[in-house]
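Student: Dropping the structure in here first, questions after.
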Amino acid sequence: MDLQTLSVESANIARRESAWQRLRRNWSVRLGGVALVLLLAIAAVAPWLGTVDPTLFDAASRDLRPGQSGEIMTLDGELLKHRFVMGSDSFGRDIYSRVLYGTRVSLLVGIATALIALAFGIVIGLSAGYLRWLDGPLMRVMDGLMAIPAILLAIALVAMWRGSVLTVVLAIAITEIPRVTRLVRSLVLSIREEPYVEAAISLGTPTWKIMFGHILPNCVAPLLVQGTYICAAAILVEAILSFLGVGLPPDIPTWGNIMAEGRVQFMAYPHNLFYPGVFLALTVLAVNILGDGLRDTLDPKMAKKV
């Protein structure tokens, strides 16, 4: 290994260590990261934190206030004494258990949507930005998708297919792919003019290796930030779709479904909307705070101020 290669690797290691140190010092990253980890932990252990199955109900325990006790019927038809920590809904189901299980659905939808949108957006954006002959056709398709309001497109896609988690994830991801594509394309257009890319081209490096080995690594920081915003937006859109009755089926406990079922009795029983609304707001806030911290830390212009 020559001295030039060694110095380049040492500089890369130093930059990575500097970025990691900035991430550790950034309070937005700390706060958002800790909150998101706690929510992921709640989603993972929801069956143990939940007091009962979220689908169990008993008509005699309808519309109980938070902290009141009642009965709930098991799948075997047995009535059990139960304390409703967050109250019960109009069907006699435990809101506490439904909110905990709703965390799993919301985080699954948010993370899966972000991953799918990033995966397709990266491939399309790299192709449009680096391969000039594909730029026009691909971006016209993306512009057409962006011209349609995201909520309306998601509603139309969910209405066409059977409501399920996969359907909702795909419907939301399709509306986010154009945004990722435009971001990646704009980055590629500037990076492909860098000297190291031109040197790789002159050395006969395969096109795919230049795209994924030289250009893509320099797009990671903006994509991480974009991924957090997509995750937060997907969680909100899923809740909106479920609230409107065109998202996941009512038997699946989601925050949107819980609020949709409780909106009619909001004035008399506000707890039906309050608890899922708080969890939804805190989750979106945590993801957005994490995204802001990543942006401030990984953006070279912002990093100087951190």
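So you can find residues: chains in the structure tokens are A, B, ... in the order shown, residues in each start at 1, and ligands are numbered from 1 in order.
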Taking 3 positions as the minimum chain separation for residues in the same chain, which residues sit within 7 Å of region 170-181 of chain A when counting only C-alpha atoms? Answer as an MDAnalysis selection string.
Tutor: chainID A and resid 113 116:118 120:122 124:125 142 145:146 150 154 157:158 166:167 184:185 234
Student: For the residues in that selection, give me all heavy atoms as a compact mmCIF listing (two decimals), in the first residue's frame.
Tutor:
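The result, written out as selection-v6.txt:
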# COMPACT_ATOMS: atom_id res chain seq x y z
N THR A 113 -42.42 1.69 3.97
CA THR A 113 -42.63 2.67 2.90
C THR A 113 -41.34 3.41 2.57
O THR A 113 -41.00 3.62 1.40
CB THR A 113 -43.72 3.68 3.31
OG1 THR A 113 -44.94 2.98 3.55
CG2 THR A 113 -43.94 4.71 2.23
N ILE A 116 -38.91 1.04 0.64
CA ILE A 116 -39.33 0.80 -0.75
C ILE A 116 -39.14 2.06 -1.60
O ILE A 116 -38.63 1.99 -2.73
CB ILE A 116 -40.79 0.33 -0.79
CG1 ILE A 116 -40.92 -1.05 -0.14
CG2 ILE A 116 -41.31 0.29 -2.23
CD1 ILE A 116 -42.34 -1.55 -0.03
N ALA A 117 -39.56 3.21 -1.07
CA ALA A 117 -39.41 4.45 -1.82
C ALA A 117 -37.94 4.77 -2.08
O ALA A 117 -37.58 5.21 -3.19
CB ALA A 117 -40.08 5.60 -1.07
N LEU A 118 -37.09 4.54 -1.10
CA LEU A 118 -35.66 4.80 -1.28
C LEU A 118 -35.05 3.84 -2.29
O LEU A 118 -34.25 4.24 -3.15
CB LEU A 118 -34.92 4.68 0.06
CG LEU A 118 -35.16 5.81 1.07
CD1 LEU A 118 -34.48 5.49 2.39
CD2 LEU A 118 -34.65 7.14 0.53
N PHE A 120 -36.47 2.14 -4.87
CA PHE A 120 -36.85 2.45 -6.25
C PHE A 120 -36.38 3.84 -6.66
O PHE A 120 -35.95 4.05 -7.81
CB PHE A 120 -38.37 2.34 -6.41
CG PHE A 120 -38.87 0.94 -6.52
CD1 PHE A 120 -39.24 0.21 -5.40
CD2 PHE A 120 -38.98 0.32 -7.77
CE1 PHE A 120 -39.69 -1.09 -5.50
CE2 PHE A 120 -39.44 -0.98 -7.88
CZ PHE A 120 -39.79 -1.69 -6.75
N GLY A 121 -36.46 4.79 -5.75
CA GLY A 121 -36.02 6.14 -6.07
C GLY A 121 -34.54 6.22 -6.38
O GLY A 121 -34.11 6.98 -7.26
N ILE A 122 -33.73 5.43 -5.65
CA ILE A 122 -32.29 5.42 -5.91
C ILE A 122 -31.99 4.87 -7.30
O ILE A 122 -31.21 5.46 -8.06
CB ILE A 122 -31.57 4.61 -4.82
CG1 ILE A 122 -31.55 5.37 -3.50
CG2 ILE A 122 -30.15 4.26 -5.25
CD1 ILE A 122 -31.03 4.56 -2.32
N ILE A 124 -34.01 4.60 -9.97
CA ILE A 124 -34.53 5.47 -11.03
C ILE A 124 -33.74 6.77 -11.09
O ILE A 124 -33.41 7.27 -12.17
CB ILE A 124 -36.03 5.74 -10.81
CG1 ILE A 124 -36.82 4.43 -10.83
CG2 ILE A 124 -36.56 6.69 -11.88
CD1 ILE A 124 -38.28 4.59 -10.47
N GLY A 125 -33.43 7.34 -9.92
CA GLY A 125 -32.69 8.60 -9.90
C GLY A 125 -31.28 8.46 -10.44
O GLY A 125 -30.80 9.33 -11.18
N MET A 142 -42.13 10.60 -13.63
CA MET A 142 -42.11 11.06 -12.25
C MET A 142 -42.89 12.37 -12.08
O MET A 142 -43.60 12.57 -11.10
CB MET A 142 -40.66 11.27 -11.79
CG MET A 142 -39.83 9.99 -11.72
SD MET A 142 -40.45 8.77 -10.53
CE MET A 142 -41.17 7.55 -11.65
N LEU A 145 -46.55 11.59 -11.90
CA LEU A 145 -46.97 11.08 -10.60
C LEU A 145 -47.03 12.20 -9.57
O LEU A 145 -47.93 12.22 -8.72
CB LEU A 145 -45.99 10.00 -10.13
CG LEU A 145 -46.08 8.64 -10.84
CD1 LEU A 145 -45.00 7.70 -10.34
CD2 LEU A 145 -47.45 8.02 -10.65
N MET A 146 -46.08 13.13 -9.63
CA MET A 146 -46.07 14.23 -8.65
C MET A 146 -47.21 15.21 -8.88
O MET A 146 -47.57 15.96 -7.97
CB MET A 146 -44.73 14.96 -8.71
CG MET A 146 -43.56 14.17 -8.19
SD MET A 146 -42.09 15.17 -7.93
CE MET A 146 -42.59 16.18 -6.53
N ALA A 150 -50.90 13.28 -3.34
CA ALA A 150 -50.49 12.00 -2.76
C ALA A 150 -51.66 11.27 -2.10
O ALA A 150 -51.82 10.05 -2.27
CB ALA A 150 -49.37 12.23 -1.74
N ALA A 154 -53.13 7.67 -3.24
CA ALA A 154 -53.14 6.55 -2.30
C ALA A 154 -54.55 5.99 -2.12
O ALA A 154 -54.75 4.77 -2.08
CB ALA A 154 -52.57 7.00 -0.96
N LEU A 157 -55.45 3.92 -5.22
CA LEU A 157 -54.75 2.64 -5.28
C LEU A 157 -55.30 1.66 -4.25
O LEU A 157 -55.47 0.47 -4.53
CB LEU A 157 -53.26 2.85 -5.07
CG LEU A 157 -52.53 3.63 -6.18
CD1 LEU A 157 -51.09 3.91 -5.79
CD2 LEU A 157 -52.58 2.86 -7.48
N VAL A 158 -55.59 2.16 -3.05
CA VAL A 158 -56.14 1.28 -2.01
C VAL A 158 -57.54 0.82 -2.40
O VAL A 158 -57.93 -0.32 -2.13
CB VAL A 158 -56.16 2.01 -0.64
CG1 VAL A 158 -56.92 1.19 0.40
CG2 VAL A 158 -54.75 2.26 -0.16
N LEU A 166 -49.70 -4.51 3.13
CA LEU A 166 -48.90 -4.43 1.92
C LEU A 166 -49.49 -3.45 0.92
O LEU A 166 -48.77 -2.66 0.29
CB LEU A 166 -48.78 -5.82 1.28
CG LEU A 166 -47.99 -5.91 -0.03
CD1 LEU A 166 -46.55 -5.45 0.19
CD2 LEU A 166 -48.03 -7.32 -0.59
N THR A 167 -50.81 -3.47 0.76
CA THR A 167 -51.46 -2.55 -0.16
C THR A 167 -51.24 -1.10 0.24
O THR A 167 -50.91 -0.25 -0.60
CB THR A 167 -52.97 -2.84 -0.22
OG1 THR A 167 -53.17 -4.19 -0.65
CG2 THR A 167 -53.66 -1.89 -1.17
N VAL A 184 -32.22 12.23 -5.83
CA VAL A 184 -31.05 11.47 -6.29
C VAL A 184 -30.56 12.02 -7.62
O VAL A 184 -29.34 12.18 -7.83
CB VAL A 184 -31.39 9.98 -6.40
CG1 VAL A 184 -30.23 9.20 -6.99
CG2 VAL A 184 -31.75 9.41 -5.03
N ARG A 185 -31.46 12.31 -8.52
CA ARG A 185 -31.06 12.83 -9.83
C ARG A 185 -30.29 14.14 -9.69
O ARG A 185 -29.27 14.35 -10.36
CB ARG A 185 -32.29 13.05 -10.70
CG ARG A 185 -31.99 13.70 -12.05
CD ARG A 185 -33.27 13.93 -12.84
NE ARG A 185 -33.01 14.65 -14.08
CZ ARG A 185 -33.01 15.98 -14.19
NH1 ARG A 185 -33.25 16.72 -13.10
NH2 ARG A 185 -32.77 16.56 -15.35
N ALA A 234 -45.45 8.77 5.86
CA ALA A 234 -46.19 7.53 5.64
C ALA A 234 -47.05 7.18 6.85
O ALA A 234 -48.19 6.70 6.69
CB ALA A 234 -45.22 6.39 5.35
Student: Please provide the set of residues having any atom within 10 Å of region 191-201 of chain A, restricted to only C-alpha atoms, with same-chain residues fewer than 6 positions apart removed, written as number ranges by chain.
Tutor: A: 129-130, 185, 207, 209-211, 214-216, 218-219
Student: Once you have the residues from the selection above, write them out as a short mmCIF file (atom, residue, chain, number, x, y, z; two decimals), in the first residue's frame, restricted to C-alpha atoms.
Tutor:
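Written out: part.cif:
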data_model
loop_
_atom_site.label_atom_id
_atom_site.label_comp_id
_atom_site.auth_asym_id
_atom_site.auth_seq_id
_atom_site.Cartn_x
_atom_site.Cartn_y
_atom_site.Cartn_z
CA GLY A 129 -29.05 11.38 -13.63
CA TYR A 130 -26.20 9.36 -15.09
CA ARG A 185 -31.06 12.83 -9.83
CA THR A 207 -21.09 1.96 -15.63
CA LYS A 209 -19.76 0.25 -10.66
CA ILE A 210 -19.45 3.99 -11.18
CA MET A 211 -23.11 4.52 -10.34
CA HIS A 214 -18.60 6.00 -6.72
CA ILE A 215 -21.74 8.14 -6.98
CA LEU A 216 -24.24 6.46 -4.64
CA ASN A 218 -21.91 10.36 -1.79
CA CYS A 219 -25.73 10.47 -1.78
#
Student: My list of candidates is A:Ala260, A:Leu100, A:Ile72, A:Ile95. Which is closest to Val45 (chain A) when distances are computed with only C-alpha atoms?
Tutor: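 Among the listed residues, the smallest separation from Val45 (chain A) belongs to A:Leu100.
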Student: List every residue of region 75-222 of chain A that DSSP, applied to the backbone of this structure, assigns to alpha helix (DSSP H), and report them as an MDAnalysis selection string.
Tutor: chainID A and resid 95:130 132:146 150:160 165:191 195:202 207:209 220:222
Student: Using CA of Ile111 (chain A) and CA of Thr228 (chain A) as the two end points, give the distance in Å to one decimal.
Tutor: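 Separation of CA of Ile111 (chain A) and CA of Thr228 (chain A): 8.6 Å.
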Student: For Leu79 (chain A), list every protein, DNA or RNA residue within 12 Å, evaluated using only C-alpha atoms, and leave out those in the same chain fewer than 5 positions away; present the list as a PyMOL selection string.
Tutor: chain A and resi 56-61+70-74
Student: Just checking: using only C-alpha atoms, which residue out of A:Ser242, A:Ser127, A:Asn272, A:Asn26 ends up closest to Tyr96 (chain A)?
Tutor: A:Asn272
Student: Can you tell me how far CA of Ile240 (chain A) sits from CA of Gly92 (chain A), in Å to one decimal?
Tutor: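 A separation of 23.6 Å between them.
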Student: Using the chain letters and numbers from this document, which residues of region 44-231 of chain A does DSSP assign to strand (DSSP E or B), as a PyMOL selection string?
Tutor: chain A and resi 57+69-73+79-83+88+94
Student: Using N, CA and C atoms, can you write the selected residues to a file as a short mmCIF file (atom, residue, chain, number, x, y, z; two decimals), in the first residue's frame?
Tutor:
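Written file, again.cif:
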data_model
loop_
_atom_site.label_atom_id
_atom_site.label_comp_id
_atom_site.auth_asym_id
_atom_site.auth_seq_id
_atom_site.Cartn_x
_atom_site.Cartn_y
_atom_site.Cartn_z
N PHE A 57 -63.73 -8.16 23.05
CA PHE A 57 -64.68 -7.12 23.42
C PHE A 57 -65.81 -7.72 24.25
N SER A 69 -63.12 -0.37 35.69
CA SER A 69 -63.04 -1.82 35.54
C SER A 69 -64.32 -2.36 34.95
N GLY A 70 -64.18 -3.50 34.26
CA GLY A 70 -65.33 -4.14 33.66
C GLY A 70 -64.99 -5.58 33.33
N GLU A 71 -65.75 -6.13 32.43
CA GLU A 71 -65.51 -7.50 31.99
C GLU A 71 -65.19 -7.51 30.50
N ILE A 72 -64.46 -8.54 30.11
CA ILE A 72 -64.13 -8.70 28.70
C ILE A 72 -64.23 -10.18 28.36
N MET A 73 -64.73 -10.47 27.17
CA MET A 73 -64.98 -11.85 26.78
C MET A 73 -63.79 -12.40 25.98
N LEU A 79 -65.82 -14.82 30.51
CA LEU A 79 -65.77 -13.42 30.93
C LEU A 79 -64.68 -13.24 31.98
N LEU A 80 -63.81 -12.26 31.77
CA LEU A 80 -62.72 -11.98 32.70
C LEU A 80 -62.85 -10.57 33.23
N LYS A 81 -62.55 -10.41 34.52
CA LYS A 81 -62.49 -9.08 35.10
C LYS A 81 -61.29 -8.34 34.53
N HIS A 82 -61.49 -7.08 34.14
CA HIS A 82 -60.41 -6.35 33.47
C HIS A 82 -60.47 -4.87 33.82
N ARG A 83 -59.30 -4.28 34.01
CA ARG A 83 -59.21 -2.85 34.27
C ARG A 83 -58.79 -2.14 32.97
N SER A 88 -62.45 2.13 27.29
CA SER A 88 -62.88 1.19 26.25
C SER A 88 -63.63 1.95 25.18
N ASP A 94 -60.45 -2.89 24.64
CA ASP A 94 -59.48 -2.18 25.46
C ASP A 94 -58.64 -1.24 24.58
#
Student: Residues near Phe243 (chain A), anyone? I mean within 12 Å using only C-alpha atoms, not counting same-chain ones fewer than 3 positions away, as a list in words.
Tutor: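 Listing them by chain and then by number gives Ile155, Leu236, Val237, Glu238, Ala239, Ile240, Val246, Gly247, Leu248, Pro249, Pro250, Pro253, Thr254, Trp255, Gly256, Asn257, Ile258, Met259, Ala260, Glu261, Gly262, Arg263, Val264, Leu273, Pro276 and Gly277 of chain A.
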Student: For those residues, write N, CA and C atoms to a file as an mmCIF file, in the first residue's frame.
Tutor:
data_model
loop_
_atom_site.group_PDB
_atom_site.id
_atom_site.type_symbol
_atom_site.label_atom_id
_atom_site.label_comp_id
_atom_site.auth_asym_id
_atom_site.auth_seq_id
_atom_site.Cartn_x
_atom_site.Cartn_y
_atom_site.Cartn_z
ATOM 1 N N ILE A 155 -55.556 6.879 -2.033
ATOM 2 C CA ILE A 155 -56.942 6.428 -1.893
ATOM 3 C C ILE A 155 -57.365 5.621 -3.114
ATOM 4 N N LEU A 236 -48.405 9.285 8.917
ATOM 5 C CA LEU A 236 -49.554 10.196 8.887
ATOM 6 C C LEU A 236 -50.556 9.800 7.805
ATOM 7 N N VAL A 237 -50.062 9.472 6.626
ATOM 8 C CA VAL A 237 -50.966 9.108 5.525
ATOM 9 C C VAL A 237 -51.729 7.837 5.861
ATOM 10 N N GLU A 238 -51.063 6.859 6.474
ATOM 11 C CA GLU A 238 -51.755 5.625 6.870
ATOM 12 C C GLU A 238 -52.876 5.939 7.860
ATOM 13 N N ALA A 239 -52.587 6.825 8.817
ATOM 14 C CA ALA A 239 -53.615 7.200 9.794
ATOM 15 C C ALA A 239 -54.777 7.924 9.105
ATOM 16 N N ILE A 240 -54.458 8.781 8.134
ATOM 17 C CA ILE A 240 -55.514 9.503 7.412
ATOM 18 C C ILE A 240 -56.373 8.531 6.608
ATOM 19 N N VAL A 246 -60.648 4.065 4.196
ATOM 20 C CA VAL A 246 -60.152 3.465 2.955
ATOM 21 C C VAL A 246 -58.756 2.872 3.155
ATOM 22 N N GLY A 247 -58.343 2.723 4.393
ATOM 23 C CA GLY A 247 -57.031 2.165 4.679
ATOM 24 C C GLY A 247 -57.114 0.706 5.075
ATOM 25 N N LEU A 248 -56.530 0.388 6.216
ATOM 26 C CA LEU A 248 -56.546 -0.981 6.702
ATOM 27 C C LEU A 248 -57.936 -1.350 7.206
ATOM 28 N N PRO A 249 -58.293 -2.631 7.153
ATOM 29 C CA PRO A 249 -59.621 -3.065 7.623
ATOM 30 C C PRO A 249 -59.826 -2.699 9.094
ATOM 31 N N PRO A 250 -61.084 -2.476 9.501
ATOM 32 C CA PRO A 250 -61.363 -2.063 10.888
ATOM 33 C C PRO A 250 -60.912 -3.072 11.931
ATOM 34 N N PRO A 253 -55.974 -3.247 14.477
ATOM 35 C CA PRO A 253 -55.850 -2.080 15.359
ATOM 36 C C PRO A 253 -54.774 -1.117 14.870
ATOM 37 N N THR A 254 -55.198 0.019 14.355
ATOM 38 C CA THR A 254 -54.288 1.098 13.972
ATOM 39 C C THR A 254 -54.788 2.379 14.623
ATOM 40 N N TRP A 255 -53.895 3.339 14.770
ATOM 41 C CA TRP A 255 -54.295 4.595 15.388
ATOM 42 C C TRP A 255 -55.374 5.287 14.578
ATOM 43 N N GLY A 256 -55.302 5.215 13.264
ATOM 44 C CA GLY A 256 -56.335 5.822 12.429
ATOM 45 C C GLY A 256 -57.682 5.156 12.609
ATOM 46 N N ASN A 257 -57.701 3.830 12.672
ATOM 47 C CA ASN A 257 -58.957 3.112 12.887
ATOM 48 C C ASN A 257 -59.557 3.434 14.253
ATOM 49 N N ILE A 258 -58.711 3.501 15.278
ATOM 50 C CA ILE A 258 -59.209 3.804 16.627
ATOM 51 C C ILE A 258 -59.857 5.182 16.650
ATOM 52 N N MET A 259 -59.196 6.164 16.040
ATOM 53 C CA MET A 259 -59.750 7.518 16.026
ATOM 54 C C MET A 259 -60.998 7.597 15.149
ATOM 55 N N ALA A 260 -61.030 6.842 14.064
ATOM 56 C CA ALA A 260 -62.209 6.854 13.190
ATOM 57 C C ALA A 260 -63.427 6.306 13.916
ATOM 58 N N GLU A 261 -63.219 5.250 14.695
ATOM 59 C CA GLU A 261 -64.329 4.647 15.421
ATOM 60 C C GLU A 261 -64.793 5.514 16.579
ATOM 61 N N GLY A 262 -63.897 6.353 17.108
ATOM 62 C CA GLY A 262 -64.258 7.168 18.272
ATOM 63 C C GLY A 262 -64.666 8.588 17.954
ATOM 64 N N ARG A 263 -64.595 9.004 16.676
ATOM 65 C CA ARG A 263 -64.869 10.403 16.370
ATOM 66 C C ARG A 263 -66.339 10.768 16.568
ATOM 67 N N VAL A 264 -67.234 9.800 16.411
ATOM 68 C CA VAL A 264 -68.662 10.095 16.565
ATOM 69 C C VAL A 264 -68.982 10.465 18.009
ATOM 70 N N LEU A 273 -60.164 9.294 21.081
ATOM 71 C CA LEU A 273 -59.291 9.971 20.131
ATOM 72 C C LEU A 273 -58.004 10.474 20.776
ATOM 73 N N PRO A 276 -54.749 7.552 21.056
ATOM 74 C CA PRO A 276 -54.081 7.266 19.778
ATOM 75 C C PRO A 276 -53.527 8.523 19.114
ATOM 76 N N GLY A 277 -54.205 9.658 19.307
ATOM 77 C CA GLY A 277 -53.704 10.907 18.746
ATOM 78 C C GLY A 277 -52.384 11.327 19.358
#
